[in-house]
file protein_7.cif (mmCIF, C-alpha atoms and all ligand atoms)
data_upload
#
loop_
_atom_site.label_atom_id
_atom_site.label_comp_id
_atom_site.auth_asym_id
_atom_site.auth_seq_id
_atom_site.Cartn_x
_atom_site.Cartn_y
_atom_site.Cartn_z
CA MET A 77 -15.55 -87.02 60.82
CA PRO A 78 -14.97 -90.66 61.96
CA ASP A 79 -11.76 -91.24 63.97
CA ASN A 80 -10.10 -93.33 61.27
CA GLU A 81 -10.77 -90.85 58.47
CA ILE A 82 -7.87 -88.96 56.94
CA LEU A 83 -8.22 -85.37 55.86
CA VAL A 84 -5.84 -83.83 53.33
CA ARG A 85 -5.83 -80.05 53.52
CA PRO A 86 -3.52 -77.09 52.87
CA LEU A 87 -0.94 -76.43 55.56
CA SER A 88 -1.21 -73.12 57.40
CA ILE A 89 1.40 -71.33 59.43
CA GLU A 90 -0.39 -72.47 62.62
CA ASP A 91 0.69 -76.02 61.70
CA ALA A 92 4.39 -75.08 61.90
CA ALA A 93 5.11 -76.85 65.20
CA ASP A 94 3.27 -80.05 64.20
CA PHE A 95 4.93 -80.00 60.77
CA ASN A 96 8.33 -79.57 62.43
CA HIS A 97 7.55 -82.52 64.71
CA VAL A 98 6.57 -84.88 61.87
CA VAL A 99 9.57 -83.86 59.74
CA GLY A 100 11.81 -84.52 62.74
CA VAL A 101 10.36 -87.99 63.37
CA VAL A 102 10.96 -89.02 59.74
CA ALA A 103 14.40 -87.38 59.57
CA ARG A 104 15.60 -89.13 62.73
CA GLU A 105 14.78 -92.52 61.20
CA ARG A 106 17.89 -91.84 59.05
CA ARG A 107 16.48 -93.95 56.22
CA TYR A 108 14.38 -91.74 54.00
CA LEU A 109 15.49 -88.11 54.07
CA ARG A 110 18.75 -86.32 53.32
CA PHE A 111 18.66 -84.49 56.64
CA THR A 112 18.79 -86.32 59.94
CA ASP A 113 16.83 -84.08 62.28
CA ALA A 114 14.21 -81.34 62.15
CA PRO A 115 15.52 -77.84 61.56
CA PRO A 116 15.18 -75.44 64.51
CA MET A 117 11.61 -74.21 64.93
CA GLU A 118 12.54 -70.62 63.93
CA SER A 119 13.97 -71.88 60.60
CA THR A 120 10.82 -73.90 59.97
CA VAL A 121 8.59 -70.88 60.58
CA GLU A 122 10.80 -68.70 58.38
CA PHE A 123 10.82 -71.35 55.62
CA LEU A 124 7.04 -71.82 55.74
CA GLU A 125 6.24 -68.11 55.83
CA LYS A 126 8.40 -67.53 52.78
CA SER A 127 7.22 -70.59 50.89
CA LEU A 128 3.51 -70.11 51.62
CA GLY A 129 3.93 -66.41 50.86
CA SER A 130 5.29 -67.23 47.42
CA GLY A 131 2.34 -69.55 46.75
CA ASN A 132 4.01 -72.96 46.87
CA PRO A 133 1.63 -75.88 47.47
CA HIS A 134 1.97 -77.36 50.96
CA LEU A 135 -0.55 -80.04 51.91
CA VAL A 136 -0.87 -82.03 55.10
CA ALA A 137 -2.64 -85.23 56.09
CA VAL A 138 -4.57 -85.08 59.34
CA ALA A 139 -5.90 -88.08 61.32
CA ALA A 140 -8.16 -87.51 64.33
CA GLY A 141 -7.02 -83.90 64.47
CA LYS A 142 -3.31 -84.81 64.41
CA LEU A 143 -0.93 -83.86 61.60
CA VAL A 144 0.53 -87.16 60.35
CA GLY A 145 2.16 -86.27 57.04
CA TRP A 146 3.07 -83.57 54.57
CA CYS A 147 3.74 -83.07 50.89
CA ASP A 148 5.05 -79.90 49.29
CA VAL A 149 6.57 -78.52 46.13
CA CYS A 150 9.00 -75.61 46.40
CA ARG A 151 9.66 -73.47 43.36
CA HIS A 152 13.24 -72.95 42.23
CA SER A 153 14.45 -69.40 42.57
CA PHE A 154 16.34 -68.76 39.31
CA GLU A 155 14.26 -67.10 36.61
CA ILE A 156 14.92 -69.84 34.02
CA GLU A 157 13.95 -72.53 36.55
CA ALA A 158 10.76 -70.90 37.77
CA HIS A 159 8.72 -73.70 36.16
CA VAL A 160 10.59 -76.27 38.30
CA GLY A 161 9.74 -77.36 41.83
CA THR A 162 11.24 -79.83 44.26
CA LEU A 163 8.84 -82.22 45.96
CA GLY A 164 9.09 -83.48 49.52
CA ILE A 165 6.79 -85.97 51.26
CA GLY A 166 6.68 -87.95 54.48
CA LEU A 167 4.31 -89.69 56.88
CA LEU A 168 4.63 -90.80 60.48
CA PRO A 169 5.61 -94.52 60.47
CA GLU A 170 2.26 -95.82 61.75
CA PHE A 171 0.37 -94.10 58.92
CA ARG A 172 2.34 -95.62 56.03
CA GLY A 173 1.07 -98.26 53.61
CA LYS A 174 -2.58 -97.19 53.87
CA GLY A 175 -2.89 -95.11 50.71
CA ILE A 176 -2.36 -91.75 52.45
CA GLY A 177 0.88 -91.02 50.59
CA LYS A 178 -0.83 -91.66 47.29
CA ALA A 179 -3.67 -89.25 48.14
CA LEU A 180 -1.28 -86.55 49.39
CA LEU A 181 0.92 -86.90 46.32
CA ASP A 182 -1.97 -86.78 43.84
CA MET A 183 -3.44 -83.66 45.43
CA THR A 184 -0.07 -81.94 45.62
CA ILE A 185 0.78 -82.72 41.99
CA ALA A 186 -2.63 -81.41 40.91
CA ALA A 187 -2.11 -78.20 42.92
CA ALA A 188 1.41 -77.77 41.52
CA GLU A 189 0.20 -78.15 37.95
CA ARG A 190 -2.52 -75.56 38.51
CA LEU A 191 0.29 -73.26 39.66
CA ASP A 192 2.24 -73.80 36.43
CA PHE A 193 4.93 -76.10 37.71
CA HIS A 194 5.88 -77.92 34.50
CA ARG A 195 8.62 -80.05 36.01
CA ILE A 196 8.42 -81.55 39.50
CA GLU A 197 11.65 -83.12 40.64
CA LEU A 198 12.73 -85.09 43.67
CA THR A 199 15.37 -87.37 45.03
CA ALA A 200 14.98 -90.68 46.85
CA PHE A 201 17.40 -93.22 48.25
CA SER A 202 17.73 -96.14 45.85
CA ASP A 203 16.54 -98.60 48.52
CA ASN A 204 13.36 -96.63 49.28
CA LEU A 205 11.33 -99.06 47.18
CA ARG A 206 7.93 -97.93 48.39
CA ALA A 207 8.59 -94.29 47.53
CA LEU A 208 10.16 -95.15 44.15
CA ALA A 209 7.22 -97.39 43.24
CA LEU A 210 4.74 -94.71 44.24
CA TYR A 211 6.54 -92.02 42.24
CA GLU A 212 6.72 -94.23 39.14
CA THR A 213 2.96 -94.85 39.22
CA ARG A 214 2.53 -91.07 39.26
CA GLY A 215 4.60 -90.45 36.14
CA PHE A 216 7.97 -89.70 37.70
CA VAL A 217 10.86 -91.03 35.63
CA ARG A 218 14.32 -91.95 36.86
CA GLU A 219 16.84 -89.52 35.40
CA GLY A 220 20.00 -90.76 37.03
CA VAL A 221 21.68 -92.13 40.08
CA LEU A 222 23.99 -90.13 42.31
CA ARG A 223 26.27 -92.91 43.43
CA MET A 224 27.52 -92.97 47.04
CA ALA A 225 25.92 -89.57 47.46
CA ALA A 226 24.98 -90.12 51.09
CA ARG A 227 26.93 -91.60 53.94
CA PHE A 228 25.34 -92.83 57.14
CA GLY A 229 28.25 -93.88 59.34
CA ASP A 230 30.03 -96.65 57.40
CA GLU A 231 27.17 -97.12 54.95
CA TYR A 232 27.14 -95.31 51.61
CA ARG A 233 23.86 -94.94 49.80
CA ASP A 234 22.88 -94.01 46.26
CA ILE A 235 20.34 -91.31 45.52
CA VAL A 236 17.93 -91.57 42.58
CA GLN A 237 17.04 -88.34 40.79
CA MET A 238 13.50 -88.35 39.36
CA ALA A 239 11.20 -85.89 37.64
CA ARG A 240 7.65 -85.68 36.35
CA LEU A 241 6.96 -83.37 33.42
CA ASP A 242 3.56 -81.79 32.88
CA PRO A 243 1.97 -84.38 30.57
CA GLU A 244 0.71 -81.68 28.21
CA LEU A 245 4.23 -80.36 27.70
CA ALA A 246 6.33 -83.51 28.03
CA ASN A 247 6.43 -84.25 24.32
CA ARG A 248 7.22 -80.77 23.11
CA ASP A 249 10.36 -80.25 21.10
CA ARG A 250 13.15 -79.16 23.31
CA ARG A 251 16.78 -78.38 22.90
CA ILE A 252 18.71 -81.43 24.10
CA ALA A 253 22.11 -80.93 22.52
C1 LIG A 301 6.85 -92.80 50.80
C2 LIG A 301 5.52 -92.58 51.50
C3 LIG A 301 5.16 -91.09 51.51
C4 LIG A 301 4.43 -93.35 50.71
O1 LIG A 301 3.19 -93.16 51.33
P1 LIG A 301 2.32 -94.44 51.80
O2 LIG A 301 1.05 -93.92 52.33
O3 LIG A 301 3.15 -95.27 52.72
O4 LIG A 301 2.12 -95.19 50.44
P2 LIG A 301 0.73 -95.74 49.90
O5 LIG A 301 0.10 -96.61 50.92
O6 LIG A 301 -0.06 -94.57 49.40
O7 LIG A 301 1.22 -96.68 48.71
C5 LIG A 301 1.52 -96.10 47.50
C6 LIG A 301 2.16 -97.11 46.57
O8 LIG A 301 3.43 -97.48 47.08
C7 LIG A 301 3.71 -98.80 46.67
N1 LIG A 301 4.00 -99.57 47.87
C8 LIG A 301 3.32 -99.57 49.04
N2 LIG A 301 3.97 -100.33 49.94
C9 LIG A 301 5.07 -100.80 49.32
C10 LIG A 301 6.15 -101.63 49.71
N3 LIG A 301 6.22 -102.11 50.96
N4 LIG A 301 7.13 -101.91 48.81
C11 LIG A 301 7.06 -101.40 47.56
N5 LIG A 301 6.06 -100.60 47.14
C12 LIG A 301 5.09 -100.32 48.01
C13 LIG A 301 2.55 -99.30 45.91
O9 LIG A 301 2.80 -98.99 44.54
C14 LIG A 301 1.43 -98.43 46.41
O10 LIG A 301 0.42 -98.30 45.48
P3 LIG A 301 -0.76 -99.41 45.44
O11 LIG A 301 -1.39 -99.38 46.78
O12 LIG A 301 -1.66 -98.89 44.34
O13 LIG A 301 -0.12 -100.71 45.12
C15 LIG A 301 5.54 -93.10 52.99
O14 LIG A 301 5.72 -94.51 52.99
C16 LIG A 301 6.62 -92.44 53.84
O15 LIG A 301 6.37 -91.42 54.46
N6 LIG A 301 7.81 -93.04 53.88
C17 LIG A 301 8.90 -92.51 54.71
C18 LIG A 301 9.36 -91.15 54.24
C19 LIG A 301 9.78 -91.18 52.79
O16 LIG A 301 10.25 -92.18 52.27
N7 LIG A 301 9.61 -90.01 52.13
C20 LIG A 301 9.99 -89.89 50.73
C21 LIG A 301 11.43 -89.59 50.60
S1 LIG A 301 11.94 -89.58 48.89
#
call {"tool": "encode", "arguments": {"input": "protein_7.cif", "output": "structure tokens"}}
result
Amino acid sequence: MPDNEILVRPLSIEDAADFNHVVGVVARERRYLRFTDAPPMESTVEFLEKSLGSGNPHLVAVAAGKLVGWCDVCRHSFEIEAHVGTLGIGLLPEFRGKGIGKALLDMTIAAAERLDFHRIELTAFSDNLRALALYETRGFVREGVLRMAARFGDEYRDIVQMARLDPELANRDRRIA
């Protein structure tokens, strides 16, 4: 594989330390994620073992053998929400804006739909224009804004709630009142 080629593949438990590292880099930027550092390594291993064990899709992007990004969908635990998953995604700064996020997201959505996730939801800060634009091109719709939901020092930030419904089910009758 040429050095500049990006591979998207399923994450395995052996990736736990690299995954933890990438999550930590993005979290410590304090701009994109709701947490501001990586969880302890033991929590990451425990989380991944449980999530992979229950069949959730976890994909990673790899460049020249190095893990540079992740995308996952984690199924909700209540019985009536078992068709719902929460999506997370992130790339190391130097790998952004090159189409890798788009590829990761498309493959993760496809995997989630094969696993019967009918609603994929996520949150993003309202000033994360790149992420919001990407999600909208992939069928995610803004469902609301959680105003002043995050506080970084003196700065309050709004969080946008979005979801993508399985296109085959999105127009079904549903009880809305
Ligand atoms: C969000 C993220 C995963 C997107 O991945 P990416 O590889 O950078 O994005 P891509 O290069 O695939 O671009 C995807 C789309 O984003 C949009 N986009 C790209 N750069 C943009 C910018 N600077 N401003 C607005 N939209 C932009 C475009 O719609 C683009 O599609 P196009 O190329 O067809 O026009 C990545 O930037 C990232 O990791 N950001 C930091 C962490 C983060 O925000 N995680 C999500 C938290 S909700």
call {"tool": "residues_near_point", "arguments": {"input": "protein_7.cif", "point": "(5.6, -78.6, 45.5)", "cutoff": "10 Å", "atoms": "all atoms listed in the file", "output": "list in words"}}
result
Ser127, Gly131, Asn132, Pro133, His134, Leu135, Cys147, Asp148, Val149, Cys150, Arg151, Val160, Gly161, Thr162, Leu163, Gly164, Ile165, Leu181, Thr184, Ile185, Ala186, Ala187, Ala188, Glu189, Leu191, Phe193, Ile196, Glu197 and Leu198 of chain A
call {"tool": "residues_near_ligand", "arguments": {"input": "protein_7.cif", "ligand": "ligand LIG 301 (chain A)", "cutoff": "7 Å", "atoms": "only C-alpha atoms and all ligand atoms", "output": "number ranges by chain"}}
result
A: 102, 108-109, 164-169, 171-179, 198-201, 204-207, 209-210, 213
call {"tool": "residues_around", "arguments": {"input": "protein_7.cif", "residues": "Val138 of chain A", "least_positions_apart": "2", "cutoff": "7 Å", "atoms": "only C-alpha atoms", "output": "ChimeraX atom specification"}}
result
/A:82-84,136,140-144
call {"tool": "atom_distance", "arguments": {"input": "protein_7.cif", "atom1": "atom CA of Asp182 of chain A", "atom2": "atom CA of Asp203 of chain A"}}
result
22.5 Å
call {"tool": "residues_around", "arguments": {"input": "protein_7.cif", "residues": "Met117 of chain A", "least_positions_apart": "2", "cutoff": "9 Å", "atoms": "all atoms listed in the file", "output": "ChimeraX atom specification"}}
result
/A:92-93,96,114-115,119-122
call {"tool": "axis_aligned_box", "arguments": {"input": "protein_7.cif", "around": "segment 242-248 of chain A", "padding_each_side": "3 Å", "output": "AutoDock Vina command-line options"}}
result
--center_x 4.0 --center_y -82.4 --center_z 28.0 --size_x 12.5 --size_y 10.0 --size_z 15.8
call {"tool": "atom_distance", "arguments": {"input": "protein_7.cif", "atom1": "atom CA of Asn247 of chain A", "atom2": "atom CA of Asp234 of chain A"}}
result
29.1 Å
call {"tool": "closest_residue", "arguments": {"input": "protein_7.cif", "among": "A:His97, A:Glu212, A:Lys126, A:His159", "to": "Asp113 of chain A", "atoms": "all atoms listed in the file"}}
result
A:His97
call {"tool": "residues_around", "arguments": {"input": "protein_7.cif", "residues": "Ile89 of chain A", "least_positions_apart": "6", "cutoff": "9 Å", "atoms": "all atoms listed in the file", "output": "list in words"}}
result
Val121, Leu124, Glu125 and Leu128 of chain A
call {"tool": "atom_distance", "arguments": {"input": "protein_7.cif", "atom1": "atom CA of Arg214 of chain A", "atom2": "atom CA of Val98 of chain A"}}
result
23.8 Å
call {"tool": "closest_residue", "arguments": {"input": "protein_7.cif", "among": "A:Gly129, A:Gly100, A:Leu180, A:Pro116", "to": "Arg85 of chain A", "atoms": "only C-alpha atoms"}}
result
A:Leu180
call {"tool": "build_atoms", "arguments": {"input": "protein_7.cif", "residues": "segment 216-245 of chain A", "atoms": "N, CA and C atoms", "output": "PDB file, in the coordinates of the input"}}
result
ATOM      1  N   PHE A 216       6.579 -90.124  37.511  1.00  0.00           N
ATOM      2  CA  PHE A 216       7.970 -89.700  37.700  1.00  0.00           C
ATOM      3  C   PHE A 216       8.885 -90.711  37.013  1.00  0.00           C
ATOM      4  N   VAL A 217       9.931 -90.187  36.385  1.00  0.00           N
ATOM      5  CA  VAL A 217      10.860 -91.030  35.630  1.00  0.00           C
ATOM      6  C   VAL A 217      12.243 -90.881  36.259  1.00  0.00           C
ATOM      7  N   ARG A 218      12.963 -92.010  36.317  1.00  0.00           N
ATOM      8  CA  ARG A 218      14.320 -91.950  36.860  1.00  0.00           C
ATOM      9  C   ARG A 218      15.238 -91.266  35.859  1.00  0.00           C
ATOM     10  N   GLU A 219      15.956 -90.268  36.308  1.00  0.00           N
ATOM     11  CA  GLU A 219      16.840 -89.520  35.400  1.00  0.00           C
ATOM     12  C   GLU A 219      18.309 -89.823  35.639  1.00  0.00           C
ATOM     13  N   GLY A 220      18.597 -90.439  36.755  1.00  0.00           N
ATOM     14  CA  GLY A 220      20.000 -90.760  37.030  1.00  0.00           C
ATOM     15  C   GLY A 220      20.175 -91.184  38.461  1.00  0.00           C
ATOM     16  N   VAL A 221      21.363 -91.689  38.724  1.00  0.00           N
ATOM     17  CA  VAL A 221      21.680 -92.130  40.080  1.00  0.00           C
ATOM     18  C   VAL A 221      22.934 -91.396  40.548  1.00  0.00           C
ATOM     19  N   LEU A 222      22.832 -90.798  41.698  1.00  0.00           N
ATOM     20  CA  LEU A 222      23.990 -90.130  42.310  1.00  0.00           C
ATOM     21  C   LEU A 222      24.635 -91.184  43.219  1.00  0.00           C
ATOM     22  N   ARG A 223      25.699 -91.767  42.728  1.00  0.00           N
ATOM     23  CA  ARG A 223      26.270 -92.910  43.430  1.00  0.00           C
ATOM     24  C   ARG A 223      27.046 -92.491  44.684  1.00  0.00           C
ATOM     25  N   MET A 224      26.853 -93.235  45.751  1.00  0.00           N
ATOM     26  CA  MET A 224      27.520 -92.970  47.040  1.00  0.00           C
ATOM     27  C   MET A 224      27.309 -91.526  47.491  1.00  0.00           C
ATOM     28  N   ALA A 225      26.142 -90.989  47.188  1.00  0.00           N
ATOM     29  CA  ALA A 225      25.920 -89.570  47.460  1.00  0.00           C
ATOM     30  C   ALA A 225      25.621 -89.281  48.923  1.00  0.00           C
ATOM     31  N   ALA A 226      25.255 -90.322  49.661  1.00  0.00           N
ATOM     32  CA  ALA A 226      24.980 -90.120  51.090  1.00  0.00           C
ATOM     33  C   ALA A 226      25.794 -91.122  51.893  1.00  0.00           C
ATOM     34  N   ARG A 227      26.179 -90.694  53.062  1.00  0.00           N
ATOM     35  CA  ARG A 227      26.930 -91.600  53.940  1.00  0.00           C
ATOM     36  C   ARG A 227      26.328 -91.549  55.336  1.00  0.00           C
ATOM     37  N   PHE A 228      25.863 -92.696  55.784  1.00  0.00           N
ATOM     38  CA  PHE A 228      25.340 -92.830  57.140  1.00  0.00           C
ATOM     39  C   PHE A 228      26.333 -93.700  57.896  1.00  0.00           C
ATOM     40  N   GLY A 229      27.211 -93.106  58.664  1.00  0.00           N
ATOM     41  CA  GLY A 229      28.250 -93.880  59.340  1.00  0.00           C
ATOM     42  C   GLY A 229      29.120 -94.552  58.300  1.00  0.00           C
ATOM     43  N   ASP A 230      29.191 -95.899  58.343  1.00  0.00           N
ATOM     44  CA  ASP A 230      30.030 -96.650  57.400  1.00  0.00           C
ATOM     45  C   ASP A 230      29.285 -96.989  56.119  1.00  0.00           C
ATOM     46  N   GLU A 231      27.993 -96.670  56.083  1.00  0.00           N
ATOM     47  CA  GLU A 231      27.170 -97.120  54.950  1.00  0.00           C
ATOM     48  C   GLU A 231      26.978 -95.990  53.936  1.00  0.00           C
ATOM     49  N   TYR A 232      27.374 -96.275  52.689  1.00  0.00           N
ATOM     50  CA  TYR A 232      27.140 -95.310  51.610  1.00  0.00           C
ATOM     51  C   TYR A 232      25.840 -95.673  50.913  1.00  0.00           C
ATOM     52  N   ARG A 233      25.117 -94.653  50.497  1.00  0.00           N
ATOM     53  CA  ARG A 233      23.860 -94.940  49.800  1.00  0.00           C
ATOM     54  C   ARG A 233      23.742 -94.102  48.535  1.00  0.00           C
ATOM     55  N   ASP A 234      23.098 -94.699  47.530  1.00  0.00           N
ATOM     56  CA  ASP A 234      22.880 -94.010  46.260  1.00  0.00           C
ATOM     57  C   ASP A 234      21.571 -93.234  46.315  1.00  0.00           C
ATOM     58  N   ILE A 235      21.546 -92.141  45.582  1.00  0.00           N
ATOM     59  CA  ILE A 235      20.340 -91.310  45.520  1.00  0.00           C
ATOM     60  C   ILE A 235      19.833 -91.300  44.069  1.00  0.00           C
ATOM     61  N   VAL A 236      18.544 -91.576  43.911  1.00  0.00           N
ATOM     62  CA  VAL A 236      17.930 -91.570  42.580  1.00  0.00           C
ATOM     63  C   VAL A 236      17.315 -90.190  42.338  1.00  0.00           C
ATOM     64  N   GLN A 237      17.644 -89.617  41.189  1.00  0.00           N
ATOM     65  CA  GLN A 237      17.040 -88.340  40.790  1.00  0.00           C
ATOM     66  C   GLN A 237      15.858 -88.651  39.873  1.00  0.00           C
ATOM     67  N   MET A 238      14.691 -88.093  40.181  1.00  0.00           N
ATOM     68  CA  MET A 238      13.500 -88.350  39.360  1.00  0.00           C
ATOM     69  C   MET A 238      12.806 -87.030  39.021  1.00  0.00           C
ATOM     70  N   ALA A 239      12.026 -87.065  37.943  1.00  0.00           N
ATOM     71  CA  ALA A 239      11.200 -85.890  37.640  1.00  0.00           C
ATOM     72  C   ALA A 239       9.945 -86.308  36.891  1.00  0.00           C
ATOM     73  N   ARG A 240       8.915 -85.504  37.067  1.00  0.00           N
ATOM     74  CA  ARG A 240       7.650 -85.680  36.350  1.00  0.00           C
ATOM     75  C   ARG A 240       7.408 -84.401  35.563  1.00  0.00           C
ATOM     76  N   LEU A 241       7.236 -84.538  34.250  1.00  0.00           N
ATOM     77  CA  LEU A 241       6.960 -83.370  33.420  1.00  0.00           C
ATOM     78  C   LEU A 241       5.451 -83.228  33.269  1.00  0.00           C
ATOM     79  N   ASP A 242       4.978 -82.012  33.160  1.00  0.00           N
ATOM     80  CA  ASP A 242       3.560 -81.790  32.880  1.00  0.00           C
ATOM     81  C   ASP A 242       3.211 -82.573  31.612  1.00  0.00           C
ATOM     82  N   PRO A 243       2.246 -83.510  31.717  1.00  0.00           N
ATOM     83  CA  PRO A 243       1.970 -84.380  30.570  1.00  0.00           C
ATOM     84  C   PRO A 243       1.644 -83.615  29.300  1.00  0.00           C
ATOM     85  N   GLU A 244       1.058 -82.430  29.435  1.00  0.00           N
ATOM     86  CA  GLU A 244       0.710 -81.680  28.210  1.00  0.00           C
ATOM     87  C   GLU A 244       1.931 -81.082  27.539  1.00  0.00           C
ATOM     88  N   LEU A 245       3.032 -80.996  28.262  1.00  0.00           N
ATOM     89  CA  LEU A 245       4.230 -80.360  27.700  1.00  0.00           C
ATOM     90  C   LEU A 245       5.364 -81.346  27.473  1.00  0.00           C
TER      91      LEU A 245
END
